[in-house]
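Participant: My structure file final.pdb, PDB, C-alpha atoms and all ligand atoms, is below:
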ATOM      1  CA  MET A   1      23.371  59.236  -9.676
ATOM      2  CA  ASN A   2      23.992  57.706 -13.095
ATOM      3  CA  ALA A   3      24.549  53.981 -13.562
ATOM      4  CA  LYS A   4      28.226  54.407 -14.474
ATOM      5  CA  SER A   5      28.973  56.668 -11.512
ATOM      6  CA  PRO A   6      32.025  55.476  -9.614
ATOM      7  CA  ILE A   7      30.581  56.969  -6.431
ATOM      8  CA  ARG A   8      28.833  54.560  -4.084
ATOM      9  CA  VAL A   9      25.802  55.947  -2.236
ATOM     10  CA  GLY A  10      26.622  56.316   1.433
ATOM     11  CA  SER A  11      30.394  56.302   0.920
ATOM     12  CA  GLU A  12      32.838  58.987   2.135
ATOM     13  CA  ALA A  13      33.197  60.160  -1.479
ATOM     14  CA  HIS A  14      29.414  60.533  -1.728
ATOM     15  CA  LYS A  15      29.275  62.505   1.506
ATOM     16  CA  THR A  16      32.108  64.817   0.414
ATOM     17  CA  LEU A  17      30.433  65.377  -2.961
ATOM     18  CA  PHE A  18      26.951  66.310  -1.720
ATOM     19  CA  CYS A  19      28.208  68.446   1.174
ATOM     20  CA  GLN A  20      30.972  70.227  -0.721
ATOM     21  CA  GLN A  21      28.726  71.020  -3.688
ATOM     22  CA  PHE A  22      26.163  72.491  -1.336
ATOM     23  CA  ILE A  23      28.771  74.573   0.486
ATOM     24  CA  ASP A  24      30.446  75.766  -2.734
ATOM     25  CA  THR A  25      27.177  76.979  -4.263
ATOM     26  CA  HIS A  26      26.095  79.035  -1.238
ATOM     27  CA  GLU A  27      25.641  82.645  -2.338
ATOM     28  CA  LEU A  28      26.147  85.790  -0.340
ATOM     29  CA  TYR A  29      23.447  88.449  -0.539
ATOM     30  CA  ASP A  30      21.409  90.673   1.700
ATOM     31  CA  PRO A  31      17.616  90.565   1.130
ATOM     32  CA  ALA A  32      17.352  94.277   1.982
ATOM     33  CA  THR A  33      19.562  95.315  -0.933
ATOM     34  CA  LEU A  34      17.999  93.140  -3.646
ATOM     35  CA  PRO A  35      16.588  95.084  -6.620
ATOM     36  CA  TRP A  36      13.009  95.274  -5.318
ATOM     37  CA  PRO A  37      10.851  96.819  -8.054
ATOM     38  CA  GLN A  38       8.464  99.736  -7.757
ATOM     39  CA  LEU A  39       4.905  98.366  -8.056
ATOM     40  CA  ASP A  40       1.917 100.264  -9.407
ATOM     41  CA  LYS A  41      -1.438 100.219  -7.623
ATOM     42  CA  ALA A  42      -2.839  97.205  -9.518
ATOM     43  CA  GLN A  43       0.346  95.174  -8.980
ATOM     44  CA  LEU A  44       0.396  96.099  -5.296
ATOM     45  CA  ASP A  45      -3.224  95.029  -4.895
ATOM     46  CA  ARG A  46      -2.467  91.707  -6.525
ATOM     47  CA  LEU A  47       0.593  91.091  -4.363
ATOM     48  CA  ARG A  48      -1.316  91.986  -1.188
ATOM     49  CA  ALA A  49      -4.261  89.773  -2.115
ATOM     50  CA  VAL A  50      -2.155  86.602  -2.261
ATOM     51  CA  PRO A  51      -3.606  84.641   0.671
ATOM     52  CA  PHE A  52      -0.570  82.620   1.678
ATOM     53  CA  TRP A  53       2.154  85.145   2.642
ATOM     54  CA  GLN A  54       1.447  84.628   6.328
ATOM     55  CA  GLU A  55       1.821  80.859   5.976
ATOM     56  CA  VAL A  56       4.954  81.117   3.804
ATOM     57  CA  TYR A  57       6.623  83.581   6.187
ATOM     58  CA  HIS A  58       5.852  81.383   9.182
ATOM     59  CA  THR A  59       7.039  78.246   7.367
ATOM     60  CA  GLU A  60      10.393  79.863   6.536
ATOM     61  CA  ARG A  61      10.906  81.054  10.123
ATOM     62  CA  ARG A  62      10.024  77.606  11.399
ATOM     63  CA  ALA A  63      12.390  76.030   8.836
ATOM     64  CA  GLY A  64      15.243  78.227  10.105
ATOM     65  CA  ALA A  65      14.496  77.227  13.696
ATOM     66  CA  ILE A  66      14.328  73.479  12.922
ATOM     67  CA  VAL A  67      17.549  73.425  10.900
ATOM     68  CA  ALA A  68      19.381  75.601  13.464
ATOM     69  CA  ALA A  69      18.298  73.275  16.298
ATOM     70  CA  PHE A  70      19.291  70.193  14.294
ATOM     71  CA  THR A  71      22.755  71.519  13.322
ATOM     72  CA  PRO A  72      24.645  70.987  16.637
ATOM     73  CA  THR A  73      23.331  67.407  16.864
ATOM     74  CA  VAL A  74      25.016  66.396  13.567
ATOM     75  CA  GLU A  75      28.155  64.442  14.383
ATOM     76  CA  ASP A  76      29.986  64.589  11.073
ATOM     77  CA  PRO A  77      31.782  67.983  10.762
ATOM     78  CA  LEU A  78      31.342  68.351   6.991
ATOM     79  CA  VAL A  79      27.638  67.438   7.085
ATOM     80  CA  ARG A  80      27.249  69.797  10.047
ATOM     81  CA  GLU A  81      28.862  72.646   8.111
ATOM     82  CA  ALA A  82      26.461  72.117   5.192
ATOM     83  CA  VAL A  83      23.399  71.818   7.456
ATOM     84  CA  ALA A  84      24.439  75.020   9.255
ATOM     85  CA  LEU A  85      24.537  76.819   5.912
ATOM     86  CA  GLN A  86      21.086  75.533   5.054
ATOM     87  CA  GLY A  87      19.858  76.940   8.373
ATOM     88  CA  GLN A  88      21.324  80.323   7.454
ATOM     89  CA  GLU A  89      19.647  80.199   4.053
ATOM     90  CA  GLU A  90      16.263  79.368   5.609
ATOM     91  CA  ALA A  91      16.628  82.253   8.056
ATOM     92  CA  ARG A  92      17.512  84.484   5.114
ATOM     93  CA  HIS A  93      14.350  83.348   3.279
ATOM     94  CA  ALA A  94      12.355  84.505   6.289
ATOM     95  CA  ARG A  95      14.224  87.843   6.209
ATOM     96  CA  LEU A  96      13.576  88.186   2.486
ATOM     97  CA  LEU A  97       9.848  87.724   3.102
ATOM     98  CA  SER A  98       9.898  90.151   5.994
ATOM     99  CA  VAL A  99      11.594  92.788   3.776
ATOM    100  CA  MET A 100       8.896  92.239   1.139
ATOM    101  CA  ILE A 101       6.085  92.386   3.713
ATOM    102  CA  ASP A 102       7.372  95.710   5.088
ATOM    103  CA  ARG A 103       8.208  97.247   1.770
ATOM    104  CA  TYR A 104       4.868  96.539   0.098
ATOM    105  CA  GLY A 105       2.633  96.766   3.145
ATOM    106  CA  ILE A 106       1.474  93.147   3.049
ATOM    107  CA  ASP A 107      -0.866  91.994   5.792
ATOM    108  CA  ALA A 108       1.300  89.328   7.472
ATOM    109  CA  THR A 109       2.838  89.345  10.919
ATOM    110  CA  GLU A 110       5.377  87.398  12.925
ATOM    111  CA  GLN A 111       3.487  84.660  14.798
ATOM    112  CA  PRO A 112       5.020  82.814  17.780
ATOM    113  CA  LEU A 113       6.793  79.656  16.662
ATOM    114  CA  GLU A 114       5.419  76.313  17.844
ATOM    115  CA  LYS A 115       7.593  74.402  20.299
ATOM    116  CA  LEU A 116      10.003  72.221  18.332
ATOM    117  CA  PRO A 117       9.412  68.443  18.574
ATOM    118  CA  ALA A 118      11.508  66.572  21.129
ATOM    119  CA  ASN A 119      13.102  64.474  18.400
ATOM    120  CA  ILE A 120      14.798  67.150  16.335
ATOM    121  CA  GLU A 121      16.171  64.708  13.765
ATOM    122  CA  THR A 122      12.676  63.428  12.935
ATOM    123  CA  ALA A 123      11.563  67.060  12.708
ATOM    124  CA  PHE A 124      14.394  67.770  10.239
ATOM    125  CA  ILE A 125      13.509  64.700   8.148
ATOM    126  CA  ASP A 126       9.792  65.537   8.113
ATOM    127  CA  PHE A 127      10.685  69.068   7.143
ATOM    128  CA  GLY A 128      12.997  67.794   4.363
ATOM    129  CA  PHE A 129      10.356  65.595   2.747
ATOM    130  CA  GLY A 130       7.862  68.443   3.152
ATOM    131  CA  GLU A 131      10.267  70.688   1.226
ATOM    132  CA  CYS A 132      10.574  68.091  -1.534
ATOM    133  CA  MET A 133       6.792  68.038  -1.925
ATOM    134  CA  ASP A 134       6.298  71.806  -1.623
ATOM    135  CA  SER A 135       9.103  72.511  -4.081
ATOM    136  CA  PHE A 136       7.802  70.058  -6.675
ATOM    137  CA  LEU A 137       4.351  71.681  -6.621
ATOM    138  CA  GLY A 138       5.955  75.120  -6.275
ATOM    139  CA  PHE A 139       7.931  74.629  -9.499
ATOM    140  CA  GLY A 140       4.690  74.281 -11.475
ATOM    141  CA  ALA A 141       2.891  77.089  -9.623
ATOM    142  CA  PHE A 142       5.859  79.440 -10.077
ATOM    143  CA  LYS A 143       5.893  78.794 -13.812
ATOM    144  CA  THR A 144       2.138  79.412 -14.104
ATOM    145  CA  ALA A 145       2.374  82.669 -12.115
ATOM    146  CA  ARG A 146       5.375  83.878 -14.106
ATOM    147  CA  GLN A 147       3.758  83.065 -17.449
ATOM    148  CA  SER A 148       0.561  84.848 -16.500
ATOM    149  CA  GLU A 149       2.650  87.952 -15.571
ATOM    150  CA  PHE A 150       0.842  88.056 -12.258
ATOM    151  CA  LEU A 151       3.667  90.319 -10.981
ATOM    152  CA  PRO A 152       6.429  92.170 -12.832
ATOM    153  CA  GLU A 153       9.393  90.088 -13.939
ATOM    154  CA  PRO A 154      11.935  91.675 -11.491
ATOM    155  CA  MET A 155       9.810  90.267  -8.659
ATOM    156  CA  PHE A 156      10.034  86.765 -10.134
ATOM    157  CA  GLU A 157      13.787  87.212 -10.511
ATOM    158  CA  ILE A 158      14.046  87.802  -6.769
ATOM    159  CA  PHE A 159      11.936  84.733  -6.056
ATOM    160  CA  GLU A 160      14.017  82.757  -8.519
ATOM    161  CA  VAL A 161      16.939  83.097  -6.067
ATOM    162  CA  LEU A 162      14.782  81.566  -3.355
ATOM    163  CA  MET A 163      13.491  78.782  -5.624
ATOM    164  CA  HIS A 164      17.022  77.848  -6.620
ATOM    165  CA  GLU A 165      18.077  77.658  -2.979
ATOM    166  CA  GLU A 166      15.092  75.422  -2.220
ATOM    167  CA  THR A 167      16.137  73.161  -5.104
ATOM    168  CA  ARG A 168      19.652  72.952  -3.623
ATOM    169  CA  HIS A 169      18.100  72.101  -0.257
ATOM    170  CA  ILE A 170      16.098  69.183  -1.588
ATOM    171  CA  VAL A 171      19.026  67.763  -3.563
ATOM    172  CA  PHE A 172      21.201  68.034  -0.452
ATOM    173  CA  PHE A 173      18.468  66.457   1.657
ATOM    174  CA  ILE A 174      17.837  63.480  -0.659
ATOM    175  CA  ASN A 175      21.569  62.721  -0.659
ATOM    176  CA  TYR A 176      21.846  63.225   3.086
ATOM    177  CA  MET A 177      18.942  60.800   3.664
ATOM    178  CA  ALA A 178      20.469  58.130   1.413
ATOM    179  CA  TRP A 179      23.872  58.546   3.112
ATOM    180  CA  ARG A 180      22.249  58.426   6.556
ATOM    181  CA  GLU A 181      20.296  55.254   5.740
ATOM    182  CA  VAL A 182      23.467  53.524   4.515
ATOM    183  CA  GLN A 183      25.249  54.579   7.733
ATOM    184  CA  ARG A 184      22.461  52.886   9.679
ATOM    185  CA  GLY A 185      22.590  49.699   7.616
ATOM    186  CA  ARG A 186      19.338  50.475   5.800
ATOM    187  CA  GLY A 187      20.900  51.391   2.494
ATOM    188  CA  ALA A 188      19.216  48.841   0.196
ATOM    189  CA  ALA A 189      17.434  50.787  -2.555
ATOM    190  CA  PRO A 190      13.941  49.225  -2.027
ATOM    191  CA  LEU A 191      14.187  49.925   1.697
ATOM    192  CA  ARG A 192      15.174  53.533   1.070
ATOM    193  CA  ALA A 193      12.274  53.916  -1.402
ATOM    194  CA  LEU A 194       9.884  52.567   1.228
ATOM    195  CA  THR A 195      11.213  54.989   3.851
ATOM    196  CA  SER A 196      10.761  57.896   1.402
ATOM    197  CA  ALA A 197       7.209  56.823   0.554
ATOM    198  CA  TRP A 198       6.347  56.728   4.248
ATOM    199  CA  TYR A 199       7.698  60.234   4.868
ATOM    200  CA  TYR A 200       6.020  61.568   1.709
ATOM    201  CA  ALA A 201       2.697  60.240   2.972
ATOM    202  CA  ARG A 202       3.260  62.203   6.200
ATOM    203  CA  ALA A 203       4.177  65.313   4.184
ATOM    204  CA  LEU A 204       1.032  64.943   2.075
ATOM    205  CA  ARG A 205      -1.137  64.637   5.180
ATOM    206  CA  ARG A 206       0.368  67.855   6.562
ATOM    207  CA  LEU A 207      -0.033  69.638   3.226
ATOM    208  CA  LEU A 208      -3.715  68.686   3.028
ATOM    209  CA  GLY A 209      -4.187  69.884   6.612
ATOM    210  CA  MET A 210      -2.606  73.215   5.672
ATOM    211  CA  VAL A 211      -4.871  73.584   2.615
ATOM    212  CA  ARG A 212      -7.927  72.893   4.808
ATOM    213  CA  ARG A 213      -6.764  75.447   7.397
ATOM    214  CA  GLY A 214      -6.069  77.933   4.604
ATOM    215  CA  GLN A 215      -9.583  77.508   3.248
ATOM    216  CA  ASP A 216     -11.015  78.214   6.693
ATOM    217  CA  THR A 217      -8.936  81.320   7.367
ATOM    218  CA  ASN A 218      -9.387  82.751   3.870
ATOM    219  CA  ASP A 219     -13.148  82.502   3.909
ATOM    220  CA  GLY A 220     -14.474  85.892   3.067
ATOM    221  CA  ARG A 221     -11.487  86.932   0.985
ATOM    222  CA  ASP A 222     -12.011  87.210  -2.737
ATOM    223  CA  PHE A 223      -8.708  85.892  -3.945
ATOM    224  CA  ALA A 224     -10.294  82.877  -5.587
ATOM    225  CA  ILE A 225     -12.613  84.992  -7.688
ATOM    226  CA  THR A 226     -10.437  87.932  -8.628
ATOM    227  CA  GLU A 227      -6.679  87.441  -8.608
ATOM    228  CA  ALA A 228      -6.723  83.675  -8.959
ATOM    229  CA  SER A 229      -8.695  83.992 -12.174
ATOM    230  CA  MET A 230      -5.427  85.166 -13.725
ATOM    231  CA  PHE A 231      -3.971  81.779 -13.010
ATOM    232  CA  LEU A 232      -7.072  79.758 -13.456
ATOM    233  CA  GLU A 233      -8.185  81.001 -16.837
ATOM    234  CA  GLY A 234      -7.751  77.976 -19.022
ATOM    235  CA  PHE A 235      -6.235  76.088 -16.075
ATOM    236  CA  SER A 236      -5.717  72.440 -16.804
ATOM    237  CA  PHE A 237      -4.758  70.020 -14.068
ATOM    238  CA  ARG A 238      -2.887  67.886 -16.554
ATOM    239  CA  GLN A 239      -0.954  70.945 -17.744
ATOM    240  CA  PHE A 240      -0.079  71.830 -14.138
ATOM    241  CA  VAL A 241       1.258  68.341 -13.372
ATOM    242  CA  GLU A 242       3.189  68.447 -16.640
ATOM    243  CA  ASP A 243       4.664  71.839 -15.687
ATOM    244  CA  CYS A 244       5.739  70.488 -12.285
ATOM    245  CA  TYR A 245       7.395  67.534 -13.995
ATOM    246  CA  ARG A 246       9.154  69.588 -16.683
ATOM    247  CA  GLU A 247      10.249  72.366 -14.364
ATOM    248  CA  ASN A 248      11.591  69.807 -11.915
ATOM    249  CA  ALA A 249      13.626  68.195 -14.724
ATOM    250  CA  ARG A 250      14.891  71.601 -15.904
ATOM    251  CA  ARG A 251      15.905  72.743 -12.440
ATOM    252  CA  MET A 252      17.537  69.399 -11.620
ATOM    253  CA  SER A 253      19.548  69.409 -14.854
ATOM    254  CA  VAL A 254      22.035  71.961 -13.437
ATOM    255  CA  PHE A 255      23.153  69.596 -10.657
ATOM    256  CA  ASP A 256      26.045  67.172 -10.863
ATOM    257  CA  PRO A 257      24.672  63.903 -12.327
ATOM    258  CA  ASP A 258      26.634  62.061  -9.639
ATOM    259  CA  LEU A 259      24.229  63.431  -7.031
ATOM    260  CA  LEU A 260      20.970  61.669  -6.228
ATOM    261  CA  GLN A 261      17.796  63.589  -7.043
ATOM    262  CA  PRO A 262      14.202  63.252  -5.809
ATOM    263  CA  ARG A 263      12.614  60.459  -7.835
ATOM    264  CA  LEU A 264       9.270  59.476  -6.362
ATOM    265  CA  LEU A 265       7.187  62.575  -7.149
ATOM    266  CA  PRO A 266       8.487  62.973 -10.730
ATOM    267  CA  ALA A 267       7.719  59.261 -11.322
ATOM    268  CA  ILE A 268       4.173  59.649  -9.967
ATOM    269  CA  ALA A 269       3.662  62.838 -12.018
ATOM    270  CA  ASP A 270       4.908  61.108 -15.160
ATOM    271  CA  LYS A 271       2.397  58.274 -14.714
ATOM    272  CA  ALA A 272      -0.384  60.721 -13.836
ATOM    273  CA  VAL A 273       0.216  62.786 -16.986
ATOM    274  CA  ALA A 274       0.141  59.660 -19.164
ATOM    275  CA  GLY A 275      -3.117  58.567 -17.473
ATOM    276  CA  LEU A 276      -4.722  62.002 -17.803
ATOM    277  CA  ARG A 277      -3.757  62.235 -21.473
ATOM    278  CA  LEU A 278      -5.383  58.867 -22.158
ATOM    279  CA  TRP A 279      -8.488  59.914 -20.252
ATOM    280  CA  GLU A 280      -8.707  63.218 -22.186
ATOM    281  CA  ARG A 281      -8.359  61.358 -25.512
ATOM    282  CA  ARG A 282     -11.045  58.855 -24.594
ATOM    283  CA  ARG A 283     -13.369  61.640 -23.509
ATOM    284  CA  LYS A 284     -12.896  63.414 -26.836
ATOM    285  CA  LEU A 285     -13.618  60.212 -28.766
ATOM    286  CA  LYS A 286     -16.775  59.475 -26.791
ATOM    287  CA  PRO A 287     -19.917  60.311 -28.812
ATOM    288  CA  ALA A 288     -21.829  63.209 -27.210
TER
HETATM  289 FE    FE B 301      13.311  78.201   2.625
HETATM  290 FE    FE B 302      14.649  75.119   2.171
END
If you took the structure in this file and wrote it as structure tokens, what would it be?

Facilitator:
Amino acid sequence: MNAKSPIRVGSEAHKTLFCQQFIDTHELYDPATLPWPQLDKAQLDRLRAVPFWQEVYHTERRAGAIVAAFTPTVEDPLVREAVALQGQEEARHARLLSVMIDRYGIDATEQPLEKLPANIETAFIDFGFGECMDSFLGFGAFKTARQSEFLPEPMFEIFEVLMHEETRHIVFFINYMAWREVQRGRGAAPLRALTSAWYYARALRRLLGMVRRGQDTNDGRDFAITEASMFLEGFSFRQFVEDCYRENARRMSVFDPDLLQPRLLPAIADKAVAGLRLWERRRKLKPA
């Protein structure tokens, strides 16, 4: 939200803005009729070797279940309408992945969903901050994969639809959280920043747990050596963080400036890039 914005965070006008924009930008499409490209043998092998389809498919199904369970508990009708749409979009992401899995013969199956936590609102909030973190890292990874032409461009165009919807979700979520905190009398900016930091720490812990689990289950697969080399050739951590930061800024630039946007991760990334640049310069200057 820019400094001159007449809209006060947490007000009725703010609520109408972030809900209505979300509702108005919902798109209608059926994953089964998207222009899925024909892949040749090498492209198919690469797509099938990606080790995280199972996890992504499960995450999207779980997302749909969490948001659908949270929807009827939302008191405000306009917020409820927007949350319901998000639930539909998450379920459609799962369908999109299932269409892809079937069409290209990917080794991923429908696993039983874990029981949802008793406190569904906390589950929704944890999920929301998790999405903010996943999307921020995903922006950079998506750019790297697209640039390396890991898959044909029409495939990235399909995933672009999904990425854009995830970006809408996190913008909606950040605004919802700020509005919710104001409703509960916890609207002061430093307090909201502290709440976000706490939830981000939880999201990071879960993400690290997932990476550890992924390493265990993918032992024995060669993705790291073969396919990943396409990404990792000349990989620079600083470049990756920079890509996340830039892509985040680019994707956020299409939203109404009167809406709040995720701030913490871009701010950390900005500082990290500056620090890494300095470190790289010092290392170059150091006599061998
Ligand atoms: Fe999703
Ligand atoms: Fe989402």

Participant: Go through chain A residue by residue and, counting only C-alpha atoms and all ligand atoms, keep those with an atom at most 8 Å from ligand FE 301 (chain B); for each kept residue give the shortest atom pair and its distance in Å to one decimal, ordered by chain and increasing number, as JSON lines.

Facilitator:
{"residue": "A:Thr59", "atom": "CA", "partner": "B:FE301", "partner_atom": "FE", "distance": 7.9}
{"residue": "A:Glu60", "atom": "CA", "partner": "B:FE301", "partner_atom": "FE", "distance": 5.2}
{"residue": "A:Ala63", "atom": "CA", "partner": "B:FE301", "partner_atom": "FE", "distance": 6.6}
{"residue": "A:Gly64", "atom": "CA", "partner": "B:FE301", "partner_atom": "FE", "distance": 7.7}
{"residue": "A:Glu89", "atom": "CA", "partner": "B:FE301", "partner_atom": "FE", "distance": 6.8}
{"residue": "A:Glu90", "atom": "CA", "partner": "B:FE301", "partner_atom": "FE", "distance": 4.4}
{"residue": "A:Ala91", "atom": "CA", "partner": "B:FE301", "partner_atom": "FE", "distance": 7.5}
{"residue": "A:Arg92", "atom": "CA", "partner": "B:FE301", "partner_atom": "FE", "distance": 8.0}
{"residue": "A:His93", "atom": "CA", "partner": "B:FE301", "partner_atom": "FE", "distance": 5.3}
{"residue": "A:Ala94", "atom": "CA", "partner": "B:FE301", "partner_atom": "FE", "distance": 7.4}
{"residue": "A:Leu162", "atom": "CA", "partner": "B:FE301", "partner_atom": "FE", "distance": 7.0}
{"residue": "A:Glu165", "atom": "CA", "partner": "B:FE301", "partner_atom": "FE", "distance": 7.4}
{"residue": "A:Glu166", "atom": "CA", "partner": "B:FE301", "partner_atom": "FE", "distance": 5.9}

Participant: Using 12 Å as the limit and counting only C-alpha atoms and all ligand atoms, can you tabulate each residue of chain A that touches ligand FE 302 (chain B), with its shortest atom-to-atom distance in Å and the two atoms involved, as JSON lines?

Facilitator:
{"residue": "A:Val56", "atom": "CA", "partner": "B:FE302", "partner_atom": "FE", "distance": 11.5}
{"residue": "A:Thr59", "atom": "CA", "partner": "B:FE302", "partner_atom": "FE", "distance": 9.7}
{"residue": "A:Glu60", "atom": "CA", "partner": "B:FE302", "partner_atom": "FE", "distance": 7.7}
{"residue": "A:Arg61", "atom": "CA", "partner": "B:FE302", "partner_atom": "FE", "distance": 10.6}
{"residue": "A:Arg62", "atom": "CA", "partner": "B:FE302", "partner_atom": "FE", "distance": 10.6}
{"residue": "A:Ala63", "atom": "CA", "partner": "B:FE302", "partner_atom": "FE", "distance": 7.1}
{"residue": "A:Gly64", "atom": "CA", "partner": "B:FE302", "partner_atom": "FE", "distance": 8.5}
{"residue": "A:Ala65", "atom": "CA", "partner": "B:FE302", "partner_atom": "FE", "distance": 11.7}
{"residue": "A:Ile66", "atom": "CA", "partner": "B:FE302", "partner_atom": "FE", "distance": 10.9}
{"residue": "A:Val67", "atom": "CA", "partner": "B:FE302", "partner_atom": "FE", "distance": 9.4}
{"residue": "A:Val83", "atom": "CA", "partner": "B:FE302", "partner_atom": "FE", "distance": 10.7}
{"residue": "A:Leu85", "atom": "CA", "partner": "B:FE302", "partner_atom": "FE", "distance": 10.7}
{"residue": "A:Gln86", "atom": "CA", "partner": "B:FE302", "partner_atom": "FE", "distance": 7.1}
{"residue": "A:Gly87", "atom": "CA", "partner": "B:FE302", "partner_atom": "FE", "distance": 8.3}
{"residue": "A:Gln88", "atom": "CA", "partner": "B:FE302", "partner_atom": "FE", "distance": 10.0}
{"residue": "A:Glu89", "atom": "CA", "partner": "B:FE302", "partner_atom": "FE", "distance": 7.4}
{"residue": "A:Glu90", "atom": "CA", "partner": "B:FE302", "partner_atom": "FE", "distance": 5.7}
{"residue": "A:Ala91", "atom": "CA", "partner": "B:FE302", "partner_atom": "FE", "distance": 9.5}
{"residue": "A:Arg92", "atom": "CA", "partner": "B:FE302", "partner_atom": "FE", "distance": 10.2}
{"residue": "A:His93", "atom": "CA", "partner": "B:FE302", "partner_atom": "FE", "distance": 8.3}
{"residue": "A:Ala94", "atom": "CA", "partner": "B:FE302", "partner_atom": "FE", "distance": 10.5}
{"residue": "A:Phe124", "atom": "CA", "partner": "B:FE302", "partner_atom": "FE", "distance": 10.9}
{"residue": "A:Phe127", "atom": "CA", "partner": "B:FE302", "partner_atom": "FE", "distance": 8.8}
{"residue": "A:Gly128", "atom": "CA", "partner": "B:FE302", "partner_atom": "FE", "distance": 7.8}
{"residue": "A:Phe129", "atom": "CA", "partner": "B:FE302", "partner_atom": "FE", "distance": 10.5}
{"residue": "A:Gly130", "atom": "CA", "partner": "B:FE302", "partner_atom": "FE", "distance": 9.6}
{"residue": "A:Glu131", "atom": "CA", "partner": "B:FE302", "partner_atom": "FE", "distance": 6.3}
{"residue": "A:Cys132", "atom": "CA", "partner": "B:FE302", "partner_atom": "FE", "distance": 8.9}
{"residue": "A:Met133", "atom": "CA", "partner": "B:FE302", "partner_atom": "FE", "distance": 11.3}
{"residue": "A:Asp134", "atom": "CA", "partner": "B:FE302", "partner_atom": "FE", "distance": 9.8}
{"residue": "A:Ser135", "atom": "CA", "partner": "B:FE302", "partner_atom": "FE", "distance": 8.8}
{"residue": "A:Val161", "atom": "CA", "partner": "B:FE302", "partner_atom": "FE", "distance": 11.7}
{"residue": "A:Leu162", "atom": "CA", "partner": "B:FE302", "partner_atom": "FE", "distance": 8.5}
{"residue": "A:Met163", "atom": "CA", "partner": "B:FE302", "partner_atom": "FE", "distance": 8.7}
{"residue": "A:His164", "atom": "CA", "partner": "B:FE302", "partner_atom": "FE", "distance": 9.5}
{"residue": "A:Glu165", "atom": "CA", "partner": "B:FE302", "partner_atom": "FE", "distance": 6.7}
{"residue": "A:Glu166", "atom": "CA", "partner": "B:FE302", "partner_atom": "FE", "distance": 4.4}
{"residue": "A:Thr167", "atom": "CA", "partner": "B:FE302", "partner_atom": "FE", "distance": 7.7}
{"residue": "A:Arg168", "atom": "CA", "partner": "B:FE302", "partner_atom": "FE", "distance": 8.0}
{"residue": "A:His169", "atom": "CA", "partner": "B:FE302", "partner_atom": "FE", "distance": 5.2}
{"residue": "A:Ile170", "atom": "CA", "partner": "B:FE302", "partner_atom": "FE", "distance": 7.2}
{"residue": "A:Val171", "atom": "CA", "partner": "B:FE302", "partner_atom": "FE", "distance": 10.3}
{"residue": "A:Phe172", "atom": "CA", "partner": "B:FE302", "partner_atom": "FE", "distance": 10.0}
{"residue": "A:Phe173", "atom": "CA", "partner": "B:FE302", "partner_atom": "FE", "distance": 9.5}

Participant: Restricting the calculation to all atoms listed in the file: of A:Arg206, A:Lys143, A:Lys15, A:Lys284, which residue gets closest to A:Arg250?

Facilitator: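 Closest candidate: A:Lys143.
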
Participant: Pull out every residue that the PyMOL selection byres (((chain A and resi 256) around 10) and not hetatm) matches in the shown coordinates and put them as a PyMOL selection string.

Facilitator: chain A and resi 1-2+17-18+21+252-255+257-261

Participant: Hey, what comes out of the PyMOL selection byres (((chain A and resi 183-186) around 12) and not hetatm) on this file? Could you write it as a list in words?

Facilitator: Val9, Gly10, Ser11, Glu12, His14, Lys15, Asp76, Tyr176, Met177, Ala178, Trp179, Arg180, Glu181, Val182, Gly187, Ala188, Ala189, Pro190, Leu191, Arg192, Ala193, Leu194 and Thr195 of chain A

Participant: Run the PyMOL selection byres (((chain A and resi 55) around 12) and not hetatm) against the file shown and list the residues it catches, as a list in words.

Facilitator: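 On the file shown, the PyMOL selection byres (((chain A and resi 55) around 12) and not hetatm) covers Val50, Pro51, Phe52, Trp53, Gln54, Val56, Tyr57, His58, Thr59, Glu60, Arg61, Arg62, Ala63, Ala94, Leu97, Asp107, Ala108, Thr109, Glu110, Gln111, Leu113, Leu207, Met210, Val211, Arg213, Gly214, Thr217 and Asn218 of chain A.
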